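S.K.: You'll find data.cif just under this line, and it carries mmCIF, C-alpha atoms.
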data_protein
#
loop_
_atom_site.label_atom_id
_atom_site.label_comp_id
_atom_site.auth_asym_id
_atom_site.auth_seq_id
_atom_site.Cartn_x
_atom_site.Cartn_y
_atom_site.Cartn_z
CA MET D 1 -241.66 15.16 41.61
CA ILE D 2 -240.29 17.96 43.76
CA ARG D 3 -242.93 20.27 45.16
CA PRO D 4 -241.15 22.81 47.35
CA ALA D 5 -242.83 25.87 48.79
CA ARG D 6 -241.77 29.00 46.96
CA ALA D 7 -240.43 31.87 48.95
CA GLU D 8 -242.30 35.12 48.27
CA PRO D 9 -239.98 37.93 47.21
CA PRO D 10 -239.86 40.72 49.79
CA ALA D 11 -242.04 43.70 48.99
CA ARG D 12 -239.10 46.10 49.12
CA PRO D 13 -235.85 44.17 48.71
CA ILE D 14 -232.72 45.68 50.16
CA SER D 15 -231.00 44.63 47.00
CA CYS D 16 -232.38 43.89 43.61
CA ALA D 17 -233.10 40.17 43.74
CA THR D 18 -234.97 40.02 40.51
CA CYS D 19 -233.34 41.91 37.74
CA ALA D 20 -230.05 43.43 36.78
CA ASP D 21 -226.95 41.50 37.55
CA ALA D 22 -228.04 40.12 40.91
CA ALA D 23 -227.60 36.41 41.48
CA GLU D 24 -226.87 34.32 44.52
CA PRO D 25 -225.05 31.10 45.29
CA MET D 26 -227.27 28.22 46.41
CA ARG D 27 -226.60 24.63 47.41
CA VAL D 28 -228.55 21.86 45.65
CA VAL D 29 -230.59 19.78 48.12
CA LEU D 30 -232.65 17.65 45.72
CA CYS D 31 -232.53 17.16 42.00
CA ASP D 32 -235.15 16.07 39.46
CA PRO D 33 -233.15 15.63 36.23
CA ASP D 34 -236.20 14.70 34.14
CA ALA D 35 -238.01 17.92 35.04
CA GLU D 36 -234.70 19.87 35.02
CA LEU D 37 -235.58 21.21 38.46
CA ALA D 38 -233.72 21.38 41.74
CA LEU D 39 -234.61 22.32 45.28
CA CYS D 40 -231.87 24.68 46.45
CA VAL D 41 -231.07 26.42 49.72
CA ASP D 42 -229.21 29.66 50.32
CA GLU D 43 -226.98 30.52 53.26
CA THR D 44 -229.93 31.79 55.31
CA GLY D 45 -231.83 28.51 54.86
CA ARG D 46 -234.33 29.88 52.37
CA ARG D 47 -235.41 27.15 49.93
CA VAL D 48 -236.40 27.78 46.34
CA GLN D 49 -237.11 25.80 43.22
CA VAL D 50 -234.47 26.36 40.55
CA ASP D 51 -234.64 25.59 36.85
CA LEU D 52 -231.62 23.65 35.57
CA GLY D 53 -232.34 24.09 31.87
CA LEU D 54 -229.12 26.02 31.25
CA LEU D 55 -226.84 23.53 33.02
CA GLY D 56 -226.25 19.84 32.50
CA GLY D 57 -225.49 17.05 34.95
CA VAL D 58 -226.26 18.86 38.19
CA SER D 59 -226.31 16.75 41.34
CA ALA D 60 -227.16 17.28 45.02
CA GLY D 61 -224.47 19.02 47.05
CA GLU D 62 -223.24 21.25 44.23
CA THR D 63 -223.31 25.03 44.55
CA LEU D 64 -225.02 26.97 41.77
CA LEU D 65 -225.28 30.62 40.90
CA VAL D 66 -229.00 31.30 40.69
CA HIS D 67 -230.61 34.28 38.98
CA ALA D 68 -234.34 34.81 38.47
CA GLY D 69 -235.09 31.21 39.33
CA THR D 70 -232.57 29.83 36.86
CA ALA D 71 -229.14 28.33 37.52
CA LEU D 72 -226.56 30.17 35.43
CA THR D 73 -223.39 28.32 36.38
CA ARG D 74 -221.70 26.24 39.04
CA THR D 75 -219.65 28.09 41.58
CA GLY D 76 -216.60 26.87 43.41
CA PRO D 77 -216.73 25.66 47.02
CA MET G 78 -223.14 26.35 55.48
CA LYS G 79 -221.21 29.36 54.20
CA LEU G 80 -221.87 30.59 50.69
CA VAL G 81 -221.43 34.34 50.93
CA SER G 82 -220.48 35.37 54.49
CA GLU G 83 -216.87 34.26 54.09
CA PHE G 84 -216.54 36.99 51.48
CA ARG G 85 -217.53 39.60 54.06
CA ASP G 86 -214.68 39.02 56.50
CA ALA G 87 -213.57 42.32 58.07
CA GLU G 88 -210.00 41.20 58.79
CA LEU G 89 -209.41 40.20 55.17
CA GLY G 90 -211.02 43.47 54.11
CA ARG G 91 -208.52 45.43 56.19
CA ALA G 92 -205.65 43.46 54.65
CA LEU G 93 -206.92 44.24 51.15
CA ARG G 94 -207.22 47.91 52.09
CA HIS G 95 -203.54 47.94 53.07
CA GLU G 96 -202.64 46.35 49.74
CA ILE G 97 -204.67 49.03 47.96
CA LEU G 98 -202.95 51.82 49.92
CA ALA G 99 -199.55 50.39 48.99
CA LEU G 100 -200.39 50.68 45.28
CA ILE G 101 -201.46 54.32 45.38
CA GLU G 102 -199.24 57.06 44.01
CA PRO G 103 -200.03 60.13 46.14
CA ASP G 104 -200.25 62.63 43.27
CA ARG G 105 -202.35 60.51 40.97
CA GLU G 106 -206.16 60.23 40.72
CA TYR G 107 -207.68 56.85 39.87
CA ARG G 108 -211.10 56.85 38.24
CA LEU G 109 -212.59 53.35 38.26
CA MET G 110 -216.05 52.55 36.91
CA GLU G 111 -218.18 49.75 38.29
CA ILE G 112 -220.28 48.85 35.28
CA CYS G 113 -222.95 46.96 37.16
CA GLY G 114 -225.61 48.28 39.50
CA GLY G 115 -225.04 45.27 41.76
CA HIS G 116 -221.55 46.56 42.47
CA THR G 117 -222.87 50.06 43.11
CA HIS G 118 -225.19 48.54 45.67
CA THR G 119 -222.37 46.59 47.36
CA ILE G 120 -220.12 49.66 47.45
CA TYR G 121 -222.70 51.75 49.29
CA ARG G 122 -224.12 49.00 51.43
CA TYR G 123 -220.70 48.08 52.84
CA GLY G 124 -219.14 51.52 52.74
CA ILE G 125 -216.35 50.49 50.38
CA ASP G 126 -216.10 54.03 49.01
CA GLU G 127 -215.26 55.23 52.52
CA LEU G 128 -212.52 52.60 52.91
CA LEU G 129 -210.65 53.82 49.85
CA PRO G 130 -208.08 56.60 49.77
CA GLU G 131 -209.35 59.86 48.34
CA GLN G 132 -207.28 59.39 45.17
CA VAL G 133 -209.55 56.49 44.16
CA ARG G 134 -212.87 57.64 42.79
CA LEU G 135 -215.55 55.12 41.91
CA ILE G 136 -217.77 56.07 38.99
CA HIS G 137 -221.13 54.37 38.66
CA GLY G 138 -221.82 52.85 35.28
CA PRO G 139 -224.90 52.11 33.20
CA GLY G 140 -225.41 48.55 34.42
CA CYS G 141 -228.81 48.77 36.07
CA PRO G 142 -231.35 47.68 33.44
CA VAL G 143 -234.19 49.38 35.30
CA CYS G 144 -232.29 52.66 35.31
CA VAL G 145 -231.46 52.63 31.62
CA LEU G 146 -235.00 51.91 30.46
CA PRO G 147 -236.37 55.02 28.72
CA MET G 148 -239.64 56.57 29.78
CA GLY G 149 -241.37 55.78 26.49
CA ARG G 150 -240.75 52.09 27.06
CA VAL G 151 -242.48 52.34 30.45
CA ASP G 152 -245.42 54.01 28.71
CA ASP G 153 -245.56 51.09 26.27
CA ALA G 154 -245.58 48.66 29.19
CA VAL G 155 -248.43 50.56 30.85
CA ALA G 156 -250.39 50.50 27.58
CA LEU G 157 -249.98 46.72 27.36
CA ALA G 158 -250.94 46.29 31.02
CA CYS G 159 -254.19 48.13 30.33
CA GLU G 160 -255.23 45.77 27.51
CA GLN G 161 -258.35 43.77 28.27
CA ASP G 162 -257.84 40.23 29.65
CA VAL G 163 -254.12 40.81 30.12
CA ILE G 164 -252.27 39.84 33.28
CA PHE G 165 -249.10 41.90 33.09
CA THR G 166 -246.12 40.44 34.94
CA CYS G 167 -242.80 42.06 35.71
CA PHE G 168 -239.99 42.15 38.23
CA GLY G 169 -240.72 44.13 41.39
CA ASP G 170 -238.33 46.93 40.56
CA MET G 171 -240.28 47.89 37.47
CA LEU G 172 -243.51 48.68 39.29
CA ARG G 173 -242.55 52.14 40.48
CA VAL G 174 -240.56 53.34 37.48
CA PRO G 175 -242.32 56.49 36.35
CA GLY G 176 -243.64 56.80 32.82
CA SER G 177 -244.97 60.02 31.38
CA ASP G 178 -248.48 59.16 32.62
CA GLY G 179 -247.69 57.21 35.76
CA SER G 180 -246.07 53.90 36.59
CA LEU G 181 -247.21 50.29 36.37
CA LEU G 182 -248.19 50.65 40.02
CA ASP G 183 -250.45 53.55 39.07
CA ALA G 184 -251.91 51.43 36.26
CA ARG G 185 -252.65 48.71 38.83
CA ALA G 186 -254.37 51.28 41.03
CA ARG G 187 -256.53 52.18 38.03
CA GLY G 188 -257.58 48.55 37.62
CA ALA G 189 -254.93 46.92 35.44
CA ASP G 190 -253.92 43.41 36.54
CA VAL G 191 -250.20 43.91 37.18
CA ARG G 192 -248.36 41.23 39.13
CA VAL G 193 -244.81 40.85 40.38
CA VAL G 194 -242.88 37.71 39.51
CA TYR G 195 -239.48 36.51 40.69
CA SER G 196 -238.70 34.75 37.45
CA PRO G 197 -240.08 34.64 33.89
CA LEU G 198 -240.75 30.98 34.63
CA ASP G 199 -243.34 32.18 37.17
CA ALA G 200 -245.13 33.95 34.31
CA LEU G 201 -245.13 30.65 32.41
CA ALA G 202 -246.59 28.88 35.44
CA LEU G 203 -249.28 31.58 35.64
CA ALA G 204 -250.07 31.02 31.95
CA ARG G 205 -250.52 27.28 32.61
CA ARG G 206 -252.84 27.97 35.57
CA THR G 207 -254.84 30.71 33.82
CA PRO G 208 -255.52 29.60 30.26
CA GLU G 209 -258.45 32.01 29.89
CA ARG G 210 -256.21 35.08 30.32
CA GLN G 211 -253.31 36.48 28.31
CA ILE G 212 -250.09 36.65 30.32
CA VAL G 213 -247.55 39.26 29.27
CA PHE G 214 -244.06 39.27 30.77
CA LEU G 215 -241.98 42.43 30.66
CA ALA G 216 -238.46 41.14 30.10
CA ILE G 217 -235.68 43.46 31.17
CA GLY G 218 -232.05 42.87 31.99
CA PHE G 219 -228.66 42.23 30.48
CA GLU G 220 -227.24 38.88 29.45
CA THR G 221 -227.70 37.63 33.01
CA THR G 222 -231.48 37.65 32.71
CA ALA G 223 -231.96 37.11 29.00
CA PRO G 224 -231.20 33.34 29.20
CA SER G 225 -234.02 32.89 31.75
CA THR G 226 -236.42 34.60 29.36
CA ALA G 227 -235.13 32.49 26.47
CA LEU G 228 -235.56 29.31 28.49
CA THR G 229 -239.11 30.35 29.40
CA LEU G 230 -240.08 30.90 25.77
CA LEU G 231 -238.44 27.63 24.73
CA ARG G 232 -240.48 25.84 27.38
CA ALA G 233 -243.67 27.67 26.36
CA ARG G 234 -243.14 26.61 22.74
CA ALA G 235 -242.43 23.01 23.74
CA GLU G 236 -245.58 22.86 25.89
CA GLY G 237 -247.77 24.55 23.28
CA ILE G 238 -248.64 27.42 25.61
CA THR G 239 -250.41 30.08 23.56
CA ASN G 240 -251.48 32.61 26.22
CA LEU G 241 -247.99 33.80 27.15
CA SER G 242 -246.09 36.54 25.41
CA CYS G 243 -243.08 38.67 26.16
CA MET G 244 -242.42 42.39 25.85
CA CYS G 245 -238.71 42.12 25.28
CA SER G 246 -236.54 44.95 26.58
CA HIS G 247 -233.37 42.96 27.11
CA VAL G 248 -230.16 44.80 26.44
CA LEU G 249 -226.56 43.88 25.70
CA ILE G 250 -223.60 45.05 27.74
CA GLU G 251 -220.98 45.63 25.05
CA PRO G 252 -222.63 48.41 22.98
CA PRO G 253 -223.17 50.86 25.89
CA LEU G 254 -219.61 50.21 27.07
CA ARG G 255 -218.34 51.07 23.62
CA ALA G 256 -220.53 54.20 23.63
CA LEU G 257 -218.99 55.23 26.96
CA LEU G 258 -215.47 54.45 25.80
CA ASP G 259 -215.99 56.40 22.56
CA SER G 260 -217.40 59.41 24.41
CA PRO G 261 -215.28 62.58 24.66
CA GLU G 262 -216.30 62.65 28.36
CA MET G 263 -214.46 59.35 28.87
CA THR G 264 -211.92 59.65 31.69
CA ILE G 265 -212.09 56.15 33.20
CA ASP G 266 -208.79 54.45 34.10
CA GLY G 267 -210.20 50.96 34.56
CA PHE G 268 -213.39 48.95 34.91
CA ILE G 269 -214.86 46.66 37.54
CA GLY G 270 -216.56 44.14 35.27
CA PRO G 271 -220.03 42.60 35.76
CA GLY G 272 -219.51 39.14 37.19
CA HIS G 273 -222.92 37.68 36.57
CA VAL G 274 -223.15 38.89 32.98
CA ALA G 275 -219.69 37.38 32.54
CA SER G 276 -220.85 34.05 33.98
CA VAL G 277 -223.07 33.85 30.88
CA ILE G 278 -221.03 35.52 28.13
CA GLY G 279 -217.56 34.75 29.52
CA ALA G 280 -214.73 37.09 30.52
CA ASP G 281 -213.29 37.05 27.01
CA ALA G 282 -216.30 39.08 25.88
CA PHE G 283 -214.67 42.04 27.67
CA ALA G 284 -211.24 41.60 26.07
CA PHE G 285 -212.06 44.37 23.57
CA ILE G 286 -211.65 46.94 26.38
CA PRO G 287 -207.90 46.44 26.87
CA ARG G 288 -207.33 45.45 23.24
CA GLU G 289 -209.11 48.35 21.55
CA TYR G 290 -209.32 51.02 24.23
CA GLY G 291 -206.23 50.45 26.35
CA ARG G 292 -208.13 50.17 29.64
CA GLY G 293 -207.98 47.32 32.12
CA ILE G 294 -211.01 45.43 33.41
CA VAL G 295 -211.37 42.99 36.30
CA VAL G 296 -214.51 40.83 36.26
CA SER G 297 -215.69 40.95 39.85
CA GLY G 298 -217.95 39.15 42.29
CA PHE G 299 -220.47 41.03 44.38
CA GLU G 300 -219.43 40.56 47.98
CA PRO G 301 -217.38 43.31 49.62
CA LEU G 302 -214.12 41.33 49.52
CA ASP G 303 -214.71 40.63 45.83
CA VAL G 304 -215.05 44.32 45.06
CA LEU G 305 -212.05 45.29 47.23
CA GLN G 306 -209.89 42.64 45.60
CA SER G 307 -210.99 43.75 42.13
CA ILE G 308 -210.00 47.34 42.96
CA GLN G 309 -206.65 46.05 44.20
CA MET G 310 -206.17 44.06 40.96
CA LEU G 311 -207.05 47.09 38.82
CA LEU G 312 -204.65 49.32 40.75
CA ALA G 313 -201.95 46.66 40.38
CA GLN G 314 -202.51 46.69 36.60
CA LEU G 315 -202.14 50.47 36.58
CA ALA G 316 -199.07 50.40 38.83
CA GLN G 317 -197.37 47.79 36.67
CA GLY G 318 -198.39 49.35 33.36
CA ARG G 319 -200.48 46.31 32.45
CA CYS G 320 -203.82 46.44 30.69
CA GLU G 321 -205.77 43.19 30.71
CA ALA G 322 -209.17 41.54 31.11
CA GLU G 323 -208.71 39.64 34.37
CA ILE G 324 -211.11 37.49 36.39
CA GLN G 325 -211.44 38.07 40.12
CA TYR G 326 -214.75 36.16 40.30
CA SER G 327 -213.13 32.88 39.31
CA ARG G 328 -215.54 30.81 41.39
CA ALA G 329 -218.31 31.61 38.90
CA VAL G 330 -216.77 33.04 35.74
CA SER G 331 -214.89 31.27 32.97
CA ARG G 332 -213.27 32.70 29.88
CA GLU G 333 -215.91 31.25 27.56
CA GLY G 334 -219.17 31.52 29.58
CA ASN G 335 -222.24 29.29 29.48
CA ARG G 336 -222.68 27.70 26.06
CA ARG G 337 -226.24 26.48 26.69
CA ALA G 338 -227.34 29.94 27.76
CA HIS G 339 -225.73 31.42 24.68
CA ASP G 340 -227.49 28.90 22.42
CA ALA G 341 -230.87 29.55 24.07
CA MET G 342 -230.49 33.29 23.47
CA GLU G 343 -229.42 32.70 19.86
CA GLU G 344 -232.53 30.59 19.30
CA VAL G 345 -235.11 32.97 20.75
CA PHE G 346 -233.78 36.51 20.24
CA GLN G 347 -232.59 38.72 17.45
CA VAL G 348 -230.55 41.88 17.88
CA ARG G 349 -232.47 45.11 17.31
CA GLU G 350 -231.04 47.58 14.83
CA SER G 351 -231.13 50.19 17.57
CA PHE G 352 -232.43 50.58 21.12
CA GLU G 353 -232.98 53.70 23.21
CA TRP G 354 -231.12 53.97 26.52
CA ARG G 355 -231.90 56.52 29.14
CA GLY G 356 -228.99 58.89 29.38
CA LEU G 357 -227.13 57.36 26.48
CA GLY G 358 -229.68 57.81 23.68
CA GLU G 359 -230.05 55.44 20.74
CA ILE G 360 -227.31 52.83 20.60
CA PRO G 361 -227.12 50.59 17.51
CA LEU G 362 -227.31 46.83 18.01
CA SER G 363 -227.74 47.16 21.78
CA GLY G 364 -231.15 45.57 22.41
CA LEU G 365 -232.80 42.22 21.89
CA ALA G 366 -236.17 41.48 20.32
CA ILE G 367 -238.03 38.20 19.95
CA SER G 368 -236.90 36.48 16.76
CA GLU G 369 -239.16 35.85 13.79
CA ALA G 370 -239.18 32.15 14.63
CA TYR G 371 -240.83 32.93 17.99
CA ALA G 372 -243.01 35.79 16.74
CA GLU G 373 -246.19 34.30 18.23
CA LEU G 374 -244.68 34.81 21.70
CA ASP G 375 -243.87 38.48 21.08
CA ALA G 376 -246.27 40.81 22.92
CA GLU G 377 -245.29 43.70 20.68
CA ARG G 378 -246.52 41.75 17.66
CA ARG G 379 -249.61 40.43 19.44
CA TRP G 380 -250.81 43.90 20.47
CA SER G 381 -250.37 47.31 18.96
CA VAL G 382 -247.81 49.03 21.19
CA PRO G 383 -247.62 52.84 20.94
CA GLY G 384 -243.81 52.88 20.66
CA ARG G 385 -243.69 56.24 22.40
CA ARG G 386 -240.60 58.44 22.51
CA VAL G 387 -240.68 60.60 25.62
CA ALA G 388 -237.99 63.01 26.69
CA ASP G 389 -236.83 62.75 30.30
CA PRO G 390 -238.15 65.43 32.69
CA VAL G 391 -235.99 68.52 32.30
CA GLU G 392 -234.99 68.49 35.95
CA CYS G 393 -233.83 64.84 35.77
CA GLN G 394 -230.07 64.29 35.41
CA CYS G 395 -230.07 60.49 35.35
CA GLY G 396 -228.24 60.63 32.03
CA GLU G 397 -225.24 62.41 33.51
CA VAL G 398 -225.26 60.05 36.51
CA LEU G 399 -225.41 56.99 34.23
CA ARG G 400 -222.47 58.27 32.18
CA GLY G 401 -220.45 58.94 35.32
CA VAL G 402 -220.33 62.68 34.62
CA LEU G 403 -222.25 63.58 37.78
CA ARG G 404 -222.15 61.88 41.14
CA PRO G 405 -225.61 61.08 42.51
CA TRP G 406 -225.72 63.92 45.03
CA GLU G 407 -224.62 66.41 42.38
CA CYS G 408 -227.96 66.01 40.53
CA ARG G 409 -230.07 69.12 41.04
CA VAL G 410 -233.07 67.20 42.41
CA PHE G 411 -231.26 64.47 44.40
CA GLY G 412 -232.84 64.00 47.81
CA THR G 413 -235.17 66.95 47.41
CA ALA G 414 -237.70 66.56 44.61
CA CYS G 415 -236.38 63.06 43.81
CA THR G 416 -236.36 60.45 46.57
CA PRO G 417 -236.92 56.66 46.62
CA GLU G 418 -240.48 57.31 47.81
CA ARG G 419 -241.22 59.77 44.98
CA PRO G 420 -238.64 59.15 42.26
CA ILE G 421 -238.34 61.42 39.24
CA GLY G 422 -235.54 59.50 37.61
CA THR G 423 -234.93 55.79 37.31
CA CYS G 424 -231.62 55.93 39.22
CA MET G 425 -233.68 56.61 42.33
CA VAL G 426 -236.12 53.74 41.73
CA SER G 427 -234.16 50.52 41.64
CA PRO G 428 -232.16 49.54 44.74
CA GLU G 429 -229.28 49.12 42.32
CA GLY G 430 -229.63 52.63 40.96
CA ALA G 431 -226.72 54.80 42.02
CA CYS G 432 -228.95 57.48 43.55
CA ALA G 433 -231.16 55.08 45.51
CA ALA G 434 -228.14 53.15 46.76
CA TYR G 435 -226.43 56.34 47.84
CA TYR G 436 -229.61 57.66 49.45
CA SER G 437 -230.59 54.42 51.18
CA PHE G 438 -227.31 53.58 52.87
CA GLY G 439 -226.76 56.75 54.81
CA ARG G 440 -224.28 58.52 52.56
CA TYR G 441 -226.71 61.37 52.29
CA ARG G 442 -227.74 63.85 54.90
CA ARG G 443 -230.00 66.59 53.71
CA GLY G 444 -227.93 69.45 55.11
CA GLU G 445 -224.82 68.35 53.23
CA VAL G 446 -226.21 68.68 49.74
CA GLN G 447 -224.63 71.65 48.01
CA ALA G 448 -226.78 73.96 45.93
#
So, in terms of C-alpha cells, how does the structure I just supplied come out?
M.R.:
Amino acid sequence: MIRPARAEPPARPISCATCADAAEPMRVVLCDPDAELALCVDETGRRVQVDLGLLGGVSAGETLLVHAGTALTRTGP
Amino acid sequence: MKLVSEFRDAELGRALRHEILALIEPDREYRLMEICGGHTHTIYRYGIDELLPEQVRLIHGPGCPVCVLPMGRVDDAVALACEQDVIFTCFGDMLRVPGSDGSLLDARARGADVRVVYSPLDALALARRTPERQIVFLAIGFETTAPSTALTLLRARAEGITNLSCMCSHVLIEPPLRALLDSPEMTIDGFIGPGHVASVIGADAFAFIPREYGRGIVVSGFEPLDVLQSIQMLLAQLAQGRCEAEIQYSRAVSREGNRRAHDAMEEVFQVRESFEWRGLGEIPLSGLAISEAYAELDAERRWSVPGRRVADPVECQCGEVLRGVLRPWECRVFGTACTPERPIGTCMVSPEGACAAYYSFGRYRRGEVQA
C-alpha cells in the first residue's frame, strides 16, 4: 500500500491548480495497480498521490497529465 | 528531470516569434481567441501578448469555469454550506467568488464548515473519515474536471458511502463556443483550443468549428512555447487559406480523447436542458447534472436548494470581457472598485480570470487606465 504525504495546495496559487483547465505533467515513481493509485513527482520534486482510475496499465517511469488528483492521459517524453 | 521547463526556452521562443512575424500581413488585423483561462494565464504570466506584433490581438474566451459561474449559483452553494452538519468542500478558487450575500469565505466566517480540497477524491476521503457528517462537494469545471468528479461518485457508490453528495455545476465546452460563434459580435479569426479539455474529449470534438463556422482552431498546450507555436500554426492556416482543427499539444492530445473518462461521465451525469452562464446567459444543453441513477449522491436532491437567479452588479462588465467584446482594462471598474483583493466580478477572482491575470502580472498601472 502506498502512503505518500500529500502536498497542501498553496493558499493563493499563482495559477489555478485546482479547477479550470489546469493540469500538470508528472512522472510515476510507484504504482499500486490494485488500488489504482500512483505516487507521482513533478519537475520541482513535489510528490502527490494520483488516482489512475481513468487510465489502464500505468507503470513506473511513465509521464502522466494530472488534474485534480486524477491522471487524465499519458504524455510524451 | 524536465517535464515543463523545456517548453519555456527563450531561444526557441525568439525563433517562433520570427516565424510569427514572417506570417503577418502588415495591413491585416488578426483576432485570435484563447478559449481557456489557463492560456490567458500563460499569456500574461510570460508576456506573450507583448511579444506579438500589434496586428495580432488575443481575445480572452469563456474558459474559466469559476468566471462563468453565475451569482445565483454561488448563493445556492452558500445556502448548502450553511446546512446543519454539512462540511462543504470546494476548490480554493471558489472561496472568494462573491454571491449576492457574500462568498463561501464569508459563510465560513459566519460559522459554516467550508473546506478547500485539491481533488473531489479528497472529499470522498473526508467522507470516509467523518461518517457522522454530511460532505458536500461543489463540482465545477469543464470536461477536464468532470471525469474526476465522475470517478469520485463511482468510487463512493462502489464503497457504499452515503454521507457524500455533489452539487454539480460542471459545464461543457461546445455549447458556449457555438453561442460565441453564432453571436453577431463574433469577429474571431481563429481559436487557440483548450488542450486539457481536449485530452479528455479529443481534438475531433472541435472539428465543428472549421466545418460549420469556417474558423481554424489549434489545440494548444499551456507552456509559453506551446502557446507561441499555436499562434504560429493559426497564422499559417490564415496565410495559406486553410481552416482546420489541428493539434499542437500532441504530447497529450489525441483525436479521440480518453474513452474511460468519457464512459465515466456518461455513467454518472446527464446533460441539463439549460444552464446559466455569467455573461452568456442561458445556454441550452451546456451543463451537467447528476443522473437519475446516481440521484442519492446529488446534493441538490438531498437538500432544498433555493435555485436563485441573481443579476450581476450593474457596474460589473464580466459578461463583455468573457465574450471578448471588452478587454479587461476597458471594464469601468477594473483596478479601481474591482481588484483581486475585493473582486466585484468573477473575472477578477480566479487566477485564470482575464482581469486577475492582467492585473496580477504587471500589465496594469493605475495611471494608465483610461476613463
S.K.: Restricting the calculation to only C-alpha atoms: of G:Pro253, G:Pro261, G:Pro405, G:Pro197, which residue gets closest to Thr229 in chain G?
M.R.: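 Of G:Pro253, G:Pro261, G:Pro405, G:Pro197, the one nearest Thr229 in chain G, counting only C-alpha atoms, is G:Pro197.
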S.K.: Might you spell out which residues the PyMOL selection byres ((chain G) within 8 of (chain D)) would select in the displayed file, as an MDAnalysis selection string?
M.R.: chainID G and resid 78:81 113:115 118 140:143 168:170 195:198 217:219 221:222 224:225 228 271:274 276:277 328:329 335 337:338 427:429
S.K.: List the spatial neighbours of Glu102 in chain G as a list in words - criterion: any atom at most 9 Å away, only C-alpha atoms, same-chain residues fewer than 3 positions off excluded.
M.R.: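 With the cut-off at 9 Å, the set is Leu98, Ala99, Arg105, Glu106, Gln132 and Ala316 of chain G.
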S.K.: CA of Gly237 in chain G to CA of Ser381 in chain G: how many Å, to one decimal?
M.R.: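 Taking CA of Gly237 in chain G and CA of Ser381 in chain G, their separation equals 23.3 Å.
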S.K.: Suppose a student applies the PyMOL selection byres ((chain G and resi 358-375) around 6) to this structure; what residues should they get, written as JSON, numbers by chain?
M.R.: {"G": [242, 243, 245, 247, 248, 249, 252, 345, 346, 347, 348, 349, 350, 351, 352, 353, 354, 356, 357, 376, 377, 378]}
S.K.: Translate the PyMOL selection byres ((chain D and resi 38) around 9), as applied to the file shown, into an explicit residue set as a list in words.
M.R.: Ile2, Val28, Val29, Leu30, Cys31, Asp32, Pro33, Ala35, Glu36, Leu37, Leu39, Cys40, Val48, Gln49, Val50, Asp51, Leu52, Val58, Ser59 and Ala60 of chain D
S.K.: Output C-alpha atoms for every residue in the selection just made, as an mmCIF file, in the frame of the given file.
M.R.:
data_model
loop_
_atom_site.group_PDB
_atom_site.id
_atom_site.type_symbol
_atom_site.label_atom_id
_atom_site.label_comp_id
_atom_site.auth_asym_id
_atom_site.auth_seq_id
_atom_site.Cartn_x
_atom_site.Cartn_y
_atom_site.Cartn_z
ATOM 1 C CA ILE D 2 -240.290 17.960 43.760
ATOM 2 C CA VAL D 28 -228.550 21.860 45.650
ATOM 3 C CA VAL D 29 -230.590 19.780 48.120
ATOM 4 C CA LEU D 30 -232.650 17.650 45.720
ATOM 5 C CA CYS D 31 -232.530 17.160 42.000
ATOM 6 C CA ASP D 32 -235.150 16.070 39.460
ATOM 7 C CA PRO D 33 -233.150 15.630 36.230
ATOM 8 C CA ALA D 35 -238.010 17.920 35.040
ATOM 9 C CA GLU D 36 -234.700 19.870 35.020
ATOM 10 C CA LEU D 37 -235.580 21.210 38.460
ATOM 11 C CA LEU D 39 -234.610 22.320 45.280
ATOM 12 C CA CYS D 40 -231.870 24.680 46.450
ATOM 13 C CA VAL D 48 -236.400 27.780 46.340
ATOM 14 C CA GLN D 49 -237.110 25.800 43.220
ATOM 15 C CA VAL D 50 -234.470 26.360 40.550
ATOM 16 C CA ASP D 51 -234.640 25.590 36.850
ATOM 17 C CA LEU D 52 -231.620 23.650 35.570
ATOM 18 C CA VAL D 58 -226.260 18.860 38.190
ATOM 19 C CA SER D 59 -226.310 16.750 41.340
ATOM 20 C CA ALA D 60 -227.160 17.280 45.020
#
S.K.: Per residue of range 113-231 of chain G within 12 Å of range 287-303 of chain G, note the shortest atom pair and the distance in Å to one decimal, counting only C-alpha atoms, and order the rows by chain and increasing residue number, as a tab-separated table.
M.R.:
residue	atom	partner	partner_atom	distance
G:Cys113	CA	G:Phe299	CA	9.7
G:Gly114	CA	G:Phe299	CA	10.1
G:Gly115	CA	G:Phe299	CA	6.8
G:His116	CA	G:Phe299	CA	5.9
G:Thr117	CA	G:Phe299	CA	9.4
G:His118	CA	G:Phe299	CA	9.0
G:Thr119	CA	G:Pro301	CA	6.4
G:Ile120	CA	G:Pro301	CA	7.2
G:Tyr121	CA	G:Pro301	CA	10.0
G:Arg122	CA	G:Pro301	CA	9.0
G:Tyr123	CA	G:Pro301	CA	6.6
G:Gly124	CA	G:Pro301	CA	9.0
G:Ile125	CA	G:Pro301	CA	7.3
G:Asp126	CA	G:Pro301	CA	10.8
G:Leu128	CA	G:Pro301	CA	11.0
S.K.: Distance CA of Pro147 in chain G-CA of Ala431 in chain G, one decimal place?
M.R.: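 About the pair CA of Pro147 in chain G and CA of Ala431 in chain G: they are 16.4 Å apart.
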S.K.: Return the single residue from G:Ala154, G:Val213, G:Val382, G:Leu257 that is closest to Gly401 in chain G, with distances computed using all atoms listed in the file.
M.R.: G:Leu257
S.K.: If I take CA of Arg379 in chain G and CA of Asn240 in chain G, how far is one from the other in Å, to one decimal?
M.R.: 10.5 Å
S.K.: Using only C-alpha atoms, pick whichever of G:Ile238, G:Leu89, G:Met310, G:Ala256 has the shortest atom-to-atom distance to Gly270 in chain G.
M.R.: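 Using only C-alpha atoms, the shortest distance to Gly270 in chain G belongs to G:Met310.
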S.K.: Padding 4 Å on every side, please: axis-aligned box over the listed atoms of range 168-183 of chain G, centre and edge lengths to one decimal in Å, as lines of an AutoDock Vina configuration file.
M.R.:
center_x = -244.4
center_y = 51.1
center_z = 36.4
size_x = 20.1
size_y = 25.9
size_z = 18.0
S.K.: Taking (-249.6, 43.0, 32.0) in the file's coordinates as the center, which residues reach within 7 Å of it, counting only C-alpha atoms, put as a ChimeraX atom specification?
M.R.: /G:157-158,163-166,190-191,212-214
